[in-house]
file final_11.txt (compact mmCIF, C-alpha atoms)
# COMPACT_ATOMS: atom_id res chain seq x y z
CA MET M 1 -16.57 11.22 -6.32
CA HIS M 2 -16.98 13.94 -3.73
CA ASN M 3 -18.41 17.43 -3.35
CA THR M 4 -16.31 19.87 -5.31
CA PRO M 5 -15.71 23.60 -4.86
CA GLY M 6 -16.90 26.11 -7.41
CA LEU M 7 -14.72 27.00 -10.39
CA THR M 8 -12.27 29.81 -9.62
CA ALA M 9 -9.14 31.29 -11.13
CA SER M 10 -6.22 31.20 -8.73
CA ALA M 11 -4.86 34.39 -7.35
CA ALA M 12 -1.69 32.56 -6.41
CA GLY M 13 0.86 33.04 -9.16
CA GLY M 14 -1.59 34.95 -11.37
CA THR M 15 -3.71 33.71 -14.27
CA ARG M 16 -1.17 34.23 -17.07
CA PRO M 17 1.59 31.93 -15.72
CA ASN M 18 -1.01 29.30 -14.87
CA THR M 19 -2.31 29.48 -18.44
CA TRP M 20 1.24 28.82 -19.65
CA PHE M 21 1.51 25.77 -17.36
CA ARG M 22 -1.88 24.66 -18.70
CA GLY M 23 -0.36 24.63 -22.18
CA LEU M 24 2.53 22.49 -20.97
CA LEU M 25 0.16 19.86 -19.57
CA HIS M 26 -1.94 19.89 -22.74
CA ALA M 27 1.22 19.29 -24.78
CA ARG M 28 1.96 16.20 -22.67
CA LEU M 29 -1.58 14.89 -22.87
CA ARG M 30 -1.63 15.05 -26.66
CA TYR M 31 0.47 11.87 -26.61
CA LEU M 32 -2.34 10.02 -24.85
CA THR M 33 -3.69 7.36 -27.22
CA ASP M 34 -5.53 4.66 -25.25
CA GLY M 35 -8.52 5.78 -23.21
CA GLN M 36 -10.11 9.20 -23.24
CA LEU M 37 -9.42 12.10 -20.87
CA ARG M 38 -11.80 15.05 -20.91
CA LEU M 39 -10.22 18.09 -19.25
CA GLU M 40 -12.54 20.92 -18.21
CA ASP M 41 -11.66 24.33 -16.75
CA ASP M 42 -12.86 27.93 -17.04
CA ARG M 43 -11.14 28.18 -20.43
CA GLY M 44 -13.20 25.39 -21.94
CA CYS M 45 -13.07 21.65 -22.49
CA VAL M 46 -10.41 19.66 -24.33
CA GLU M 47 -10.47 15.92 -25.04
CA PHE M 48 -7.35 13.78 -25.30
CA GLY M 49 -7.19 10.23 -26.67
CA GLN M 50 -10.14 7.95 -27.26
CA PRO M 51 -11.48 4.67 -25.88
CA THR M 52 -9.69 1.72 -27.47
CA GLU M 53 -9.64 -2.03 -27.12
CA ARG M 54 -6.59 -1.68 -24.88
CA CYS M 55 -8.30 0.87 -22.64
CA GLY M 56 -11.99 1.59 -23.07
CA LEU M 57 -12.20 4.10 -20.23
CA SER M 58 -13.44 7.67 -20.57
CA VAL M 59 -12.79 9.99 -17.63
CA THR M 60 -13.54 13.64 -16.95
CA VAL M 61 -11.23 15.87 -14.89
CA ARG M 62 -12.61 19.19 -13.71
CA VAL M 63 -10.01 21.84 -12.83
CA HIS M 64 -11.44 24.25 -10.25
CA ASP M 65 -8.29 26.35 -9.81
CA LEU M 66 -5.81 27.03 -12.61
CA ALA M 67 -2.99 26.82 -10.04
CA ALA M 68 -3.35 23.05 -10.40
CA TYR M 69 -1.47 23.26 -13.71
CA ARG M 70 1.45 25.04 -12.08
CA ARG M 71 1.73 22.43 -9.34
CA MET M 72 1.65 19.56 -11.84
CA ALA M 73 4.32 21.21 -13.99
CA LEU M 74 6.62 22.01 -11.07
CA ARG M 75 6.07 18.91 -8.91
CA GLY M 76 4.91 16.20 -11.33
CA THR M 77 2.59 13.45 -10.16
CA ILE M 78 3.19 14.36 -6.51
CA GLY M 79 2.08 17.88 -7.36
CA ALA M 80 -1.05 16.44 -8.99
CA GLY M 81 -1.82 14.60 -5.77
CA GLU M 82 -1.17 17.68 -3.65
CA SER M 83 -3.43 19.73 -5.91
CA PHE M 84 -6.20 17.13 -5.56
CA MET M 85 -5.80 17.20 -1.78
CA ASP M 86 -6.29 20.98 -1.85
CA GLY M 87 -9.46 20.66 -3.95
CA GLU M 88 -7.99 22.31 -7.05
CA TRP M 89 -9.32 19.53 -9.29
CA SER M 90 -11.64 16.54 -9.13
CA SER M 91 -12.60 13.61 -11.33
CA ASP M 92 -15.70 11.56 -11.98
CA ASP M 93 -13.50 8.43 -11.84
CA LEU M 94 -10.21 8.87 -10.00
CA THR M 95 -9.26 5.20 -10.31
CA GLY M 96 -10.05 5.29 -14.02
CA LEU M 97 -7.81 8.34 -14.41
CA ILE M 98 -4.90 6.50 -12.77
CA ARG M 99 -5.53 3.51 -15.04
CA ILE M 100 -5.47 5.66 -18.19
CA LEU M 101 -2.17 7.25 -17.14
CA LEU M 102 -0.65 3.83 -16.41
CA VAL M 103 -1.72 2.49 -19.80
CA ASN M 104 -0.19 5.59 -21.38
CA ARG M 105 2.92 5.33 -19.23
CA THR M 106 5.03 7.66 -21.38
CA VAL M 107 2.53 10.46 -20.68
CA MET M 108 2.74 9.90 -16.93
CA GLU M 109 6.54 9.66 -17.02
CA GLY M 110 6.60 12.86 -19.07
CA MET M 111 5.01 14.68 -16.12
CA GLU M 112 8.20 13.98 -14.14
CA LYS M 113 10.42 15.67 -16.73
CA GLY M 114 11.12 19.29 -17.52
CA LEU M 115 10.61 21.69 -14.62
CA ALA M 116 9.34 18.86 -12.39
CA ARG M 117 12.88 17.46 -12.25
CA LEU M 118 13.87 20.40 -10.04
CA ALA M 119 11.70 19.05 -7.21
CA HIS M 120 13.10 15.50 -7.31
CA PRO M 121 16.10 16.18 -5.01
CA LEU M 122 13.73 17.67 -2.42
CA PHE M 123 11.51 14.57 -2.48
CA ARG M 124 14.51 12.24 -2.27
CA GLY M 125 15.92 14.27 0.61
CA TYR M 126 12.63 13.98 2.50
CA HIS M 127 12.60 10.23 1.87
CA TRP M 128 16.20 9.87 3.07
CA LEU M 129 15.31 11.64 6.30
CA HIS M 130 12.64 8.95 6.81
CA ARG M 131 14.92 5.94 6.30
CA ASN M 132 14.10 2.92 8.43
CA THR M 133 16.58 3.01 11.25
CA LEU M 134 15.30 1.67 14.57
CA ARG M 135 14.11 5.14 15.54
CA GLY M 136 13.04 6.10 12.01
CA SER M 137 10.89 2.99 11.60
CA ARG M 138 8.86 3.80 14.72
CA SER M 139 8.29 7.35 13.51
CA ASN M 140 7.31 6.23 9.99
CA ILE M 141 4.88 3.60 11.25
CA ALA M 142 3.32 6.01 13.72
CA GLN M 143 2.56 8.53 10.96
CA HIS M 144 0.21 6.06 9.28
CA TYR M 145 -0.89 3.36 11.70
CA ASP M 146 -1.23 5.53 14.79
CA LEU M 147 -3.70 7.93 13.15
CA SER M 148 -6.64 6.51 15.12
CA ASN M 149 -7.84 2.99 15.77
CA GLU M 150 -11.40 4.29 15.49
CA PHE M 151 -10.63 5.67 12.02
CA TYR M 152 -9.50 2.29 10.68
CA LYS M 153 -12.52 0.56 12.20
CA LEU M 154 -14.73 2.74 9.99
CA PHE M 155 -13.70 1.15 6.68
CA LEU M 156 -12.06 -2.18 7.56
CA ASP M 157 -14.19 -5.27 8.23
CA GLU M 158 -14.63 -6.93 11.63
CA THR M 159 -11.28 -8.74 11.36
CA LEU M 160 -9.49 -5.35 11.08
CA MET M 161 -7.23 -6.88 8.41
CA TYR M 162 -5.50 -4.07 6.48
CA SER M 163 -4.11 -6.20 3.66
CA CYS M 164 -5.24 -7.91 0.48
CA ALA M 165 -8.21 -10.19 1.04
CA VAL M 166 -8.89 -13.29 -1.07
CA PHE M 167 -12.44 -13.45 -2.43
CA PRO M 168 -13.74 -17.03 -2.76
CA ASP M 169 -16.53 -15.64 -4.92
CA PRO M 170 -17.25 -12.19 -6.44
CA SER M 171 -20.27 -11.93 -4.14
CA SER M 172 -18.21 -12.65 -1.00
CA THR M 173 -18.25 -9.95 1.65
CA LEU M 174 -15.05 -8.21 2.69
CA TYR M 175 -15.22 -10.06 6.00
CA GLU M 176 -15.57 -13.43 4.28
CA ALA M 177 -12.63 -12.61 2.01
CA SER M 178 -10.43 -11.56 4.94
CA VAL M 179 -11.24 -14.78 6.77
CA ALA M 180 -10.53 -16.78 3.59
CA LYS M 181 -7.13 -15.08 3.23
CA ASN M 182 -6.21 -15.77 6.84
CA ASP M 183 -7.24 -19.40 6.53
CA LEU M 184 -5.32 -19.81 3.28
CA ILE M 185 -2.15 -18.63 5.02
CA CYS M 186 -2.73 -20.97 7.96
CA ARG M 187 -3.18 -23.94 5.64
CA LYS M 188 -0.06 -23.10 3.65
CA LEU M 189 1.89 -22.96 6.90
CA GLN M 190 0.23 -26.21 8.01
CA LEU M 191 -0.38 -24.75 11.44
CA LYS M 192 -1.15 -27.19 14.24
CA PRO M 193 -1.53 -26.99 18.04
CA GLY M 194 2.11 -27.80 18.78
CA ASP M 195 3.51 -24.98 16.63
CA HIS M 196 5.00 -21.74 17.92
CA LEU M 197 4.31 -19.12 15.23
CA LEU M 198 6.06 -15.76 14.97
CA GLU M 199 4.09 -12.99 13.27
CA ILE M 200 6.14 -9.97 12.17
CA GLY M 201 3.65 -7.15 11.84
CA THR M 202 0.67 -7.60 14.18
CA GLY M 203 -1.69 -5.10 12.64
CA TRP M 204 -4.69 -5.02 14.96
CA GLY M 205 -4.40 -8.72 15.78
CA GLY M 206 -6.74 -10.14 13.15
CA PHE M 207 -4.48 -12.91 11.89
CA ALA M 208 -3.24 -13.92 15.35
CA LEU M 209 -6.82 -14.25 16.58
CA HIS M 210 -7.75 -16.40 13.58
CA ALA M 211 -4.74 -18.70 13.90
CA ALA M 212 -5.11 -19.15 17.65
CA ARG M 213 -8.85 -19.81 17.51
CA ARG M 214 -8.94 -22.15 14.54
CA TYR M 215 -5.56 -23.89 14.68
CA GLY M 216 -4.73 -23.86 18.37
CA CYS M 217 -1.11 -22.85 17.91
CA ARG M 218 0.95 -20.57 20.15
CA ILE M 219 1.70 -17.18 18.63
CA THR M 220 4.20 -14.43 19.35
CA THR M 221 3.29 -11.36 17.32
CA THR M 222 5.12 -8.04 17.18
CA THR M 223 4.42 -4.48 16.03
CA ILE M 224 6.09 -1.10 16.50
CA SER M 225 2.80 0.82 16.36
CA GLU M 226 1.70 1.74 19.88
CA ARG M 227 -1.95 2.15 18.88
CA GLN M 228 -1.97 -1.25 17.15
CA TRP M 229 -0.28 -2.88 20.13
CA GLU M 230 -2.88 -1.44 22.51
CA LEU M 231 -5.89 -2.59 20.48
CA ALA M 232 -4.44 -5.99 19.51
CA THR M 233 -3.60 -6.70 23.16
CA ARG M 234 -7.13 -5.75 24.22
CA ARG M 235 -8.82 -7.81 21.48
CA ILE M 236 -6.79 -10.89 22.38
CA ALA M 237 -7.53 -10.51 26.09
CA GLU M 238 -11.25 -10.04 25.40
CA SER M 239 -11.20 -13.21 23.28
CA GLY M 240 -9.68 -15.21 26.16
CA LEU M 241 -6.58 -16.05 24.11
CA SER M 242 -3.86 -14.32 26.14
CA ASP M 243 -2.50 -17.73 27.15
CA ARG M 244 -1.80 -18.54 23.50
CA VAL M 245 -0.97 -15.13 21.99
CA THR M 246 1.80 -12.79 23.16
CA VAL M 247 1.83 -9.29 21.65
CA LEU M 248 5.19 -7.51 21.63
CA LEU M 249 5.96 -3.85 20.98
CA GLN M 250 9.30 -4.62 19.39
CA ASP M 251 11.25 -4.13 16.15
CA TYR M 252 11.96 -7.28 14.12
CA ARG M 253 15.70 -6.56 14.42
CA THR M 254 15.63 -7.06 18.18
CA LEU M 255 13.59 -10.28 18.33
CA GLN M 256 15.04 -13.37 19.98
CA GLY M 257 14.11 -17.05 20.12
CA ARG M 258 13.40 -19.88 17.69
CA TYR M 259 10.05 -20.47 16.01
CA ASP M 260 8.47 -23.32 14.05
CA LYS M 261 6.75 -21.00 11.58
CA ILE M 262 6.90 -17.31 10.63
CA VAL M 263 4.27 -15.17 8.95
CA SER M 264 4.60 -11.60 7.75
CA ILE M 265 1.63 -10.00 6.01
CA GLU M 266 2.34 -6.81 4.04
CA MET M 267 5.02 -5.61 6.42
CA LEU M 268 8.00 -5.90 4.03
CA GLU M 269 6.84 -2.77 2.18
CA ALA M 270 7.74 -0.76 5.30
CA VAL M 271 11.23 -2.28 5.68
CA GLY M 272 12.96 -0.25 2.95
CA HIS M 273 15.23 -1.71 0.26
CA ALA M 274 18.40 -0.90 2.22
CA TYR M 275 17.22 -3.25 4.98
CA TYR M 276 15.99 -6.28 2.98
CA ASP M 277 19.13 -8.26 3.75
CA THR M 278 18.85 -7.49 7.47
CA TYR M 279 15.16 -8.45 7.48
CA PHE M 280 15.53 -11.80 5.72
CA ARG M 281 18.69 -12.71 7.63
CA ARG M 282 16.84 -12.12 10.88
CA CYS M 283 13.86 -14.21 9.72
CA SER M 284 16.19 -17.07 8.79
CA GLU M 285 17.92 -16.90 12.18
CA LEU M 286 14.59 -16.97 14.04
CA LEU M 287 13.16 -19.89 12.07
CA ALA M 288 13.71 -23.54 13.07
CA PRO M 289 15.89 -25.68 10.75
CA ASP M 290 12.78 -27.43 9.39
CA GLY M 291 10.55 -24.34 9.50
CA LEU M 292 8.21 -22.60 7.07
CA MET M 293 7.68 -18.90 6.44
CA LEU M 294 4.76 -17.27 4.64
CA LEU M 295 5.47 -13.82 3.24
CA GLN M 296 2.64 -11.74 1.78
CA THR M 297 3.78 -8.51 0.18
CA ILE M 298 2.85 -5.92 -2.41
CA THR M 299 5.34 -6.07 -5.30
CA ILE M 300 6.50 -3.96 -8.20
CA ALA M 301 7.63 -5.43 -11.51
CA ASP M 302 11.20 -6.73 -11.56
CA ARG M 303 12.07 -4.58 -14.58
CA THR M 304 11.10 -1.35 -12.81
CA PHE M 305 12.41 -2.04 -9.30
CA GLU M 306 15.91 -0.57 -9.68
CA ALA M 307 14.58 2.72 -11.04
CA ALA M 308 11.62 2.85 -8.64
CA LYS M 309 13.71 2.41 -5.50
CA HIS M 310 15.43 5.72 -6.28
CA ARG M 311 12.20 7.61 -6.96
CA VAL M 312 9.68 9.05 -4.53
CA ASP M 313 5.98 8.90 -5.35
CA PHE M 314 2.82 10.25 -3.72
CA ILE M 315 2.42 7.19 -1.48
CA GLN M 316 5.94 7.49 -0.07
CA ARG M 317 5.60 11.24 0.40
CA TYR M 318 2.20 11.35 2.10
CA ILE M 319 1.02 7.87 3.11
CA PHE M 320 3.93 5.53 3.91
CA PRO M 321 7.11 7.52 4.63
CA GLY M 322 10.17 5.31 4.34
CA GLY M 323 8.28 2.72 2.30
CA CYS M 324 9.54 0.86 -0.75
CA LEU M 325 7.82 -1.84 -2.80
CA PRO M 326 10.02 -4.90 -3.39
CA SER M 327 10.08 -6.98 -6.53
CA VAL M 328 10.08 -10.78 -6.49
CA ALA M 329 13.61 -10.76 -7.91
CA ALA M 330 14.81 -8.35 -5.20
CA ILE M 331 13.39 -10.70 -2.57
CA THR M 332 14.95 -13.85 -4.03
CA ARG M 333 18.34 -12.14 -4.46
CA SER M 334 18.33 -11.14 -0.81
CA LEU M 335 17.27 -14.64 0.27
CA ALA M 336 20.09 -16.20 -1.75
CA ARG M 337 22.73 -13.80 -0.43
CA HIS M 338 21.94 -13.92 3.27
CA THR M 339 19.75 -16.90 4.19
CA ASP M 340 19.25 -20.62 3.67
CA LEU M 341 15.58 -20.05 2.86
CA ALA M 342 14.22 -21.30 -0.46
CA VAL M 343 11.06 -20.31 -2.33
CA PHE M 344 8.78 -23.34 -2.36
CA HIS M 345 5.66 -21.77 -3.83
CA LEU M 346 4.38 -18.39 -5.00
CA ASP M 347 0.80 -17.20 -5.51
CA ASP M 348 0.02 -13.90 -7.23
CA ILE M 349 -3.17 -12.68 -5.56
CA GLY M 350 -2.95 -9.14 -6.98
CA PRO M 351 -6.35 -9.17 -8.75
CA HIS M 352 -7.99 -9.65 -5.34
CA TYR M 353 -6.53 -6.32 -4.22
CA VAL M 354 -8.62 -4.44 -6.79
CA THR M 355 -11.78 -5.75 -5.14
CA THR M 356 -10.36 -5.22 -1.64
CA LEU M 357 -9.61 -1.57 -2.38
CA GLN M 358 -13.02 -1.05 -3.97
CA ARG M 359 -14.66 -2.34 -0.80
CA TRP M 360 -12.45 -0.13 1.42
CA ARG M 361 -13.22 2.92 -0.71
CA ASP M 362 -16.98 2.28 -0.69
CA ARG M 363 -16.97 1.83 3.09
CA PHE M 364 -14.80 4.94 3.51
CA MET M 365 -17.23 7.02 1.41
CA ASP M 366 -20.18 5.72 3.41
CA GLN M 367 -18.48 6.86 6.62
CA LEU M 368 -17.40 10.40 5.65
CA ASP M 369 -19.48 12.04 8.37
CA ALA M 370 -17.94 9.71 10.95
CA VAL M 371 -14.44 10.42 9.61
CA LYS M 372 -15.06 14.16 10.02
CA ALA M 373 -16.50 13.58 13.48
CA LEU M 374 -13.15 12.08 14.49
CA GLY M 375 -11.55 15.41 13.59
CA PHE M 376 -10.17 14.63 10.14
CA SER M 377 -10.33 17.46 7.60
CA ASP M 378 -11.55 17.59 4.00
CA HIS M 379 -7.88 17.83 3.01
CA PHE M 380 -7.18 14.54 4.79
CA ILE M 381 -10.24 12.90 3.22
CA ARG M 382 -9.14 13.90 -0.29
CA MET M 383 -5.64 12.60 0.49
CA TRP M 384 -7.11 9.21 1.38
CA LEU M 385 -9.35 9.17 -1.68
CA PHE M 386 -6.30 9.83 -3.85
CA TYR M 387 -4.34 7.12 -2.01
CA LEU M 388 -7.06 4.51 -2.43
CA GLY M 389 -7.69 5.40 -6.08
CA TYR M 390 -3.96 5.50 -6.84
CA CYS M 391 -3.51 2.01 -5.42
CA GLU M 392 -6.63 0.54 -7.00
CA GLY M 393 -5.60 1.82 -10.42
CA GLY M 394 -2.11 0.39 -9.96
CA PHE M 395 -3.43 -3.08 -9.16
CA ALA M 396 -6.07 -2.97 -11.91
CA GLU M 397 -3.39 -2.28 -14.54
CA ARG M 398 -0.89 -4.72 -12.96
CA ALA M 399 1.67 -1.96 -12.37
CA ILE M 400 1.84 -3.43 -8.87
CA SER M 401 0.70 -6.77 -7.53
CA ASN M 402 0.55 -8.87 -4.38
CA VAL M 403 2.17 -12.24 -3.76
CA GLN M 404 2.17 -14.93 -1.13
CA MET M 405 5.57 -16.65 -1.00
CA LEU M 406 5.99 -19.87 0.95
CA LEU M 407 9.63 -20.19 2.06
CA THR M 408 11.26 -23.31 3.48
CA LYS M 409 14.34 -24.08 5.54
CA PRO M 410 16.73 -26.86 4.32
CA GLU M 411 15.47 -29.53 6.72
CA CYS M 412 11.83 -29.05 5.76
CA ARG M 413 10.94 -32.42 4.23
CA ARG M 414 7.19 -32.60 4.82
CA ALA M 415 5.50 -34.81 2.27
CA THR M 416 2.37 -32.75 2.66
CA LEU M 417 4.01 -29.56 1.37
CA ALA M 418 1.35 -29.27 -1.35
CA ALA M 419 0.68 -25.73 -2.51
CA VAL M 420 -2.77 -24.38 -1.73
CA ALA M 421 -4.08 -22.16 -4.51
CA PRO M 422 -6.36 -19.22 -3.68
call {"tool": "encode", "arguments": {"input": "final_11.txt", "output": "structure tokens"}}
result
Amino acid sequence: MHNTPGLTASAAGGTRPNTWFRGLLHARLRYLTDGQLRLEDDRGCVEFGQPTERCGLSVTVRVHDLAAYRRMALRGTIGAGESFMDGEWSSDDLTGLIRILLVNRTVMEGMEKGLARLAHPLFRGYHWLHRNTLRGSRSNIAQHYDLSNEFYKLFLDETLMYSCAVFPDPSSTLYEASVAKNDLICRKLQLKPGDHLLEIGTGWGGFALHAARRYGCRITTTTISERQWELATRRIAESGLSDRVTVLLQDYRTLQGRYDKIVSIEMLEAVGHAYYDTYFRRCSELLAPDGLMLLQTITIADRTFEAAKHRVDFIQRYIFPGGCLPSVAAITRSLARHTDLAVFHLDDIGPHYVTTLQRWRDRFMDQLDAVKALGFSDHFIRMWLFYLGYCEGGFAERAISNVQMLLTKPECRRATLAAVAP
């Protein structure tokens, strides 16, 4: 997947303790049954599991530094990610490795037990310090979205959409799929020239540009990322659409006005579970009595949400501080408690995210020299490879998914409210 360092024994912690931690990991991996994991290090090669009908994958992991075992034992799956970032191990198929661990979930969950439990309070404390207050949200968003506009341009398509695309055909380009997703949302919202649309989460302006150009509506769009605000404002001005699109640098909690339609594309993940009620209450207050709202969000399974919202994973620790994936049930409970919004239609577009992430990863790999030229280190590059592979594996095994939910206000009585399938 990438150039790997030569095989060394770690001086940190000494060889003997690392060998003991190696034994602990091997003991966990012996419970792996579906899919095959080949683990290589300077002590030899051991194979765990075998390809099965449930999981036919076979993946090789090469440990370059025995300290990797210590980090996995003491810090669980986050430690595994940290060790990968530091080049202590590599894999011929990182996404496949994540998929095997998800299929053998008890093995992955076992990595969080034992000594790894000691690190959990530290991770939860870090996450608590990044809760999404008005000030905290700006800081959290800046850590990811303000990295560099030029960086994101390297692997996103021309629309600069950083969300699940919808592929009309397996041969569709990433650009075509992003346009198809944007148009699908516009059609579900039944956008027309007289509408005033509120977009919560501007990104780099891709959806606002599409809606204004093709549907002629008026759009107010808001972000709390300064870099996104700067580029979105410039793109809209250069497109001659400043008379139709207003870009705000403002938190959703402080918005005012009344809008015919609302759209929010993969922004809810950054809200945090403690703020769901506030978010949906505000959306309901901003939406006209006969209005429509389209929510696109990454989701976690209902049965795992309650446990997951109290855990911290690699993505929350290193990629999206303060983030939390909602479940569909968590969303509908919040809607019922604090709004008069009703779910009219739901599409699960999760399988499209596997392809979207594959395209992002391929483009990212093709641009490694350009990424380094922007000043990003090998450590950062490995962090992003782990992030992309981690997510792709999650979507491929349906551990996470992506939904478009069309929500209606009580006075919405349009006879044309026919669902549009992707």
call {"tool": "closest_atom_pairs", "arguments": {"input": "final_11.txt", "of": "stretch 65-85 of chain M", "to": "stretch 310-319 of chain M", "cutoff": "10 Å", "atoms": "all atoms listed in the file", "output": "JSON lines"}}
result
{"residue": "M:Gly76", "atom": "CA", "partner": "M:Asp313", "partner_atom": "CA", "distance": 9.5}
{"residue": "M:Thr77", "atom": "CA", "partner": "M:Phe314", "partner_atom": "CA", "distance": 7.2}
{"residue": "M:Ile78", "atom": "CA", "partner": "M:Phe314", "partner_atom": "CA", "distance": 5.0}
{"residue": "M:Gly79", "atom": "CA", "partner": "M:Phe314", "partner_atom": "CA", "distance": 8.5}
{"residue": "M:Ala80", "atom": "CA", "partner": "M:Phe314", "partner_atom": "CA", "distance": 9.0}
{"residue": "M:Gly81", "atom": "CA", "partner": "M:Phe314", "partner_atom": "CA", "distance": 6.7}
{"residue": "M:Glu82", "atom": "CA", "partner": "M:Phe314", "partner_atom": "CA", "distance": 8.4}
call {"tool": "atom_distance", "arguments": {"input": "final_11.txt", "atom1": "atom CA of M:Lys372", "atom2": "atom CA of M:Phe151"}}
result
9.8 Å
call {"tool": "atom_distance", "arguments": {"input": "final_11.txt", "atom1": "atom CA of M:Gly136", "atom2": "atom CA of M:Asp251"}}
result
11.2 Å
call {"tool": "atom_distance", "arguments": {"input": "final_11.txt", "atom1": "atom CA of M:Ser377", "atom2": "atom CA of M:Glu150"}}
result
15.4 Å
call {"tool": "residues_around", "arguments": {"input": "final_11.txt", "residues": "M:Ile141", "least_positions_apart": "6", "cutoff": "10 Å", "atoms": "all atoms listed in the file", "output": "PyMOL selection string"}}
result
chain M and resi 132+147+223-226+270+319-323
call {"tool": "closest_residue", "arguments": {"input": "final_11.txt", "among": "M:Asp277, M:Asp146, M:Asp157, M:Asp86", "to": "M:Phe364", "atoms": "all atoms listed in the file"}}
result
M:Asp157
call {"tool": "residues_around", "arguments": {"input": "final_11.txt", "residues": "M:Ile400", "least_positions_apart": "3", "cutoff": "6 Å", "atoms": "all atoms listed in the file", "output": "compact mmCIF listing (two decimals) with C-alpha atoms, in the coordinates of the input"}}
result
# COMPACT_ATOMS: atom_id res chain seq x y z
CA THR M 299 5.34 -6.07 -5.30
CA ILE M 300 6.50 -3.96 -8.20
CA GLY M 394 -2.11 0.39 -9.96
CA PHE M 395 -3.43 -3.08 -9.16
call {"tool": "closest_residue", "arguments": {"input": "final_11.txt", "among": "M:Tyr215, M:Thr356, M:His130, M:Gln250", "to": "M:Glu176", "atoms": "all atoms listed in the file"}}
result
M:Thr356
call {"tool": "residues_around", "arguments": {"input": "final_11.txt", "residues": "M:Thr106", "least_positions_apart": "4", "cutoff": "10 Å", "atoms": "only C-alpha atoms", "output": "VMD selection string"}}
result
chain M and resid 28 to 29 31 to 32 101 to 102 110 to 111
call {"tool": "residues_around", "arguments": {"input": "final_11.txt", "residues": "stretch 345-353 of chain M", "least_positions_apart": "2", "cutoff": "10 Å", "atoms": "only C-alpha atoms", "output": "MDAnalysis selection string"}}
result
chainID M and resid 163:168 170 177 181 188 294:299 328 342:343 355:359 391:392 394:398 400:408 417:422
call {"tool": "write_last_selection", "arguments": {"input": "final_11.txt", "atoms": "C-alpha atoms", "output": "PDB file, keeping the file's coordinate frame"}}
result
ATOM      1  CA  SER M 163      -4.110  -6.200   3.660  1.00  0.00           C
ATOM      2  CA  CYS M 164      -5.240  -7.910   0.480  1.00  0.00           C
ATOM      3  CA  ALA M 165      -8.210 -10.190   1.040  1.00  0.00           C
ATOM      4  CA  VAL M 166      -8.890 -13.290  -1.070  1.00  0.00           C
ATOM      5  CA  PHE M 167     -12.440 -13.450  -2.430  1.00  0.00           C
ATOM      6  CA  PRO M 168     -13.740 -17.030  -2.760  1.00  0.00           C
ATOM      7  CA  PRO M 170     -17.250 -12.190  -6.440  1.00  0.00           C
ATOM      8  CA  ALA M 177     -12.630 -12.610   2.010  1.00  0.00           C
ATOM      9  CA  LYS M 181      -7.130 -15.080   3.230  1.00  0.00           C
ATOM     10  CA  LYS M 188      -0.060 -23.100   3.650  1.00  0.00           C
ATOM     11  CA  LEU M 294       4.760 -17.270   4.640  1.00  0.00           C
ATOM     12  CA  LEU M 295       5.470 -13.820   3.240  1.00  0.00           C
ATOM     13  CA  GLN M 296       2.640 -11.740   1.780  1.00  0.00           C
ATOM     14  CA  THR M 297       3.780  -8.510   0.180  1.00  0.00           C
ATOM     15  CA  ILE M 298       2.850  -5.920  -2.410  1.00  0.00           C
ATOM     16  CA  THR M 299       5.340  -6.070  -5.300  1.00  0.00           C
ATOM     17  CA  VAL M 328      10.080 -10.780  -6.490  1.00  0.00           C
ATOM     18  CA  ALA M 342      14.220 -21.300  -0.460  1.00  0.00           C
ATOM     19  CA  VAL M 343      11.060 -20.310  -2.330  1.00  0.00           C
ATOM     20  CA  THR M 355     -11.780  -5.750  -5.140  1.00  0.00           C
ATOM     21  CA  THR M 356     -10.360  -5.220  -1.640  1.00  0.00           C
ATOM     22  CA  LEU M 357      -9.610  -1.570  -2.380  1.00  0.00           C
ATOM     23  CA  GLN M 358     -13.020  -1.050  -3.970  1.00  0.00           C
ATOM     24  CA  ARG M 359     -14.660  -2.340  -0.800  1.00  0.00           C
ATOM     25  CA  CYS M 391      -3.510   2.010  -5.420  1.00  0.00           C
ATOM     26  CA  GLU M 392      -6.630   0.540  -7.000  1.00  0.00           C
ATOM     27  CA  GLY M 394      -2.110   0.390  -9.960  1.00  0.00           C
ATOM     28  CA  PHE M 395      -3.430  -3.080  -9.160  1.00  0.00           C
ATOM     29  CA  ALA M 396      -6.070  -2.970 -11.910  1.00  0.00           C
ATOM     30  CA  GLU M 397      -3.390  -2.280 -14.540  1.00  0.00           C
ATOM     31  CA  ARG M 398      -0.890  -4.720 -12.960  1.00  0.00           C
ATOM     32  CA  ILE M 400       1.840  -3.430  -8.870  1.00  0.00           C
ATOM     33  CA  SER M 401       0.700  -6.770  -7.530  1.00  0.00           C
ATOM     34  CA  ASN M 402       0.550  -8.870  -4.380  1.00  0.00           C
ATOM     35  CA  VAL M 403       2.170 -12.240  -3.760  1.00  0.00           C
ATOM     36  CA  GLN M 404       2.170 -14.930  -1.130  1.00  0.00           C
ATOM     37  CA  MET M 405       5.570 -16.650  -1.000  1.00  0.00           C
ATOM     38  CA  LEU M 406       5.990 -19.870   0.950  1.00  0.00           C
ATOM     39  CA  LEU M 407       9.630 -20.190   2.060  1.00  0.00           C
ATOM     40  CA  THR M 408      11.260 -23.310   3.480  1.00  0.00           C
ATOM     41  CA  LEU M 417       4.010 -29.560   1.370  1.00  0.00           C
ATOM     42  CA  ALA M 418       1.350 -29.270  -1.350  1.00  0.00           C
ATOM     43  CA  ALA M 419       0.680 -25.730  -2.510  1.00  0.00           C
ATOM     44  CA  VAL M 420      -2.770 -24.380  -1.730  1.00  0.00           C
ATOM     45  CA  ALA M 421      -4.080 -22.160  -4.510  1.00  0.00           C
ATOM     46  CA  PRO M 422      -6.360 -19.220  -3.680  1.00  0.00           C
TER      47      PRO M 422
END
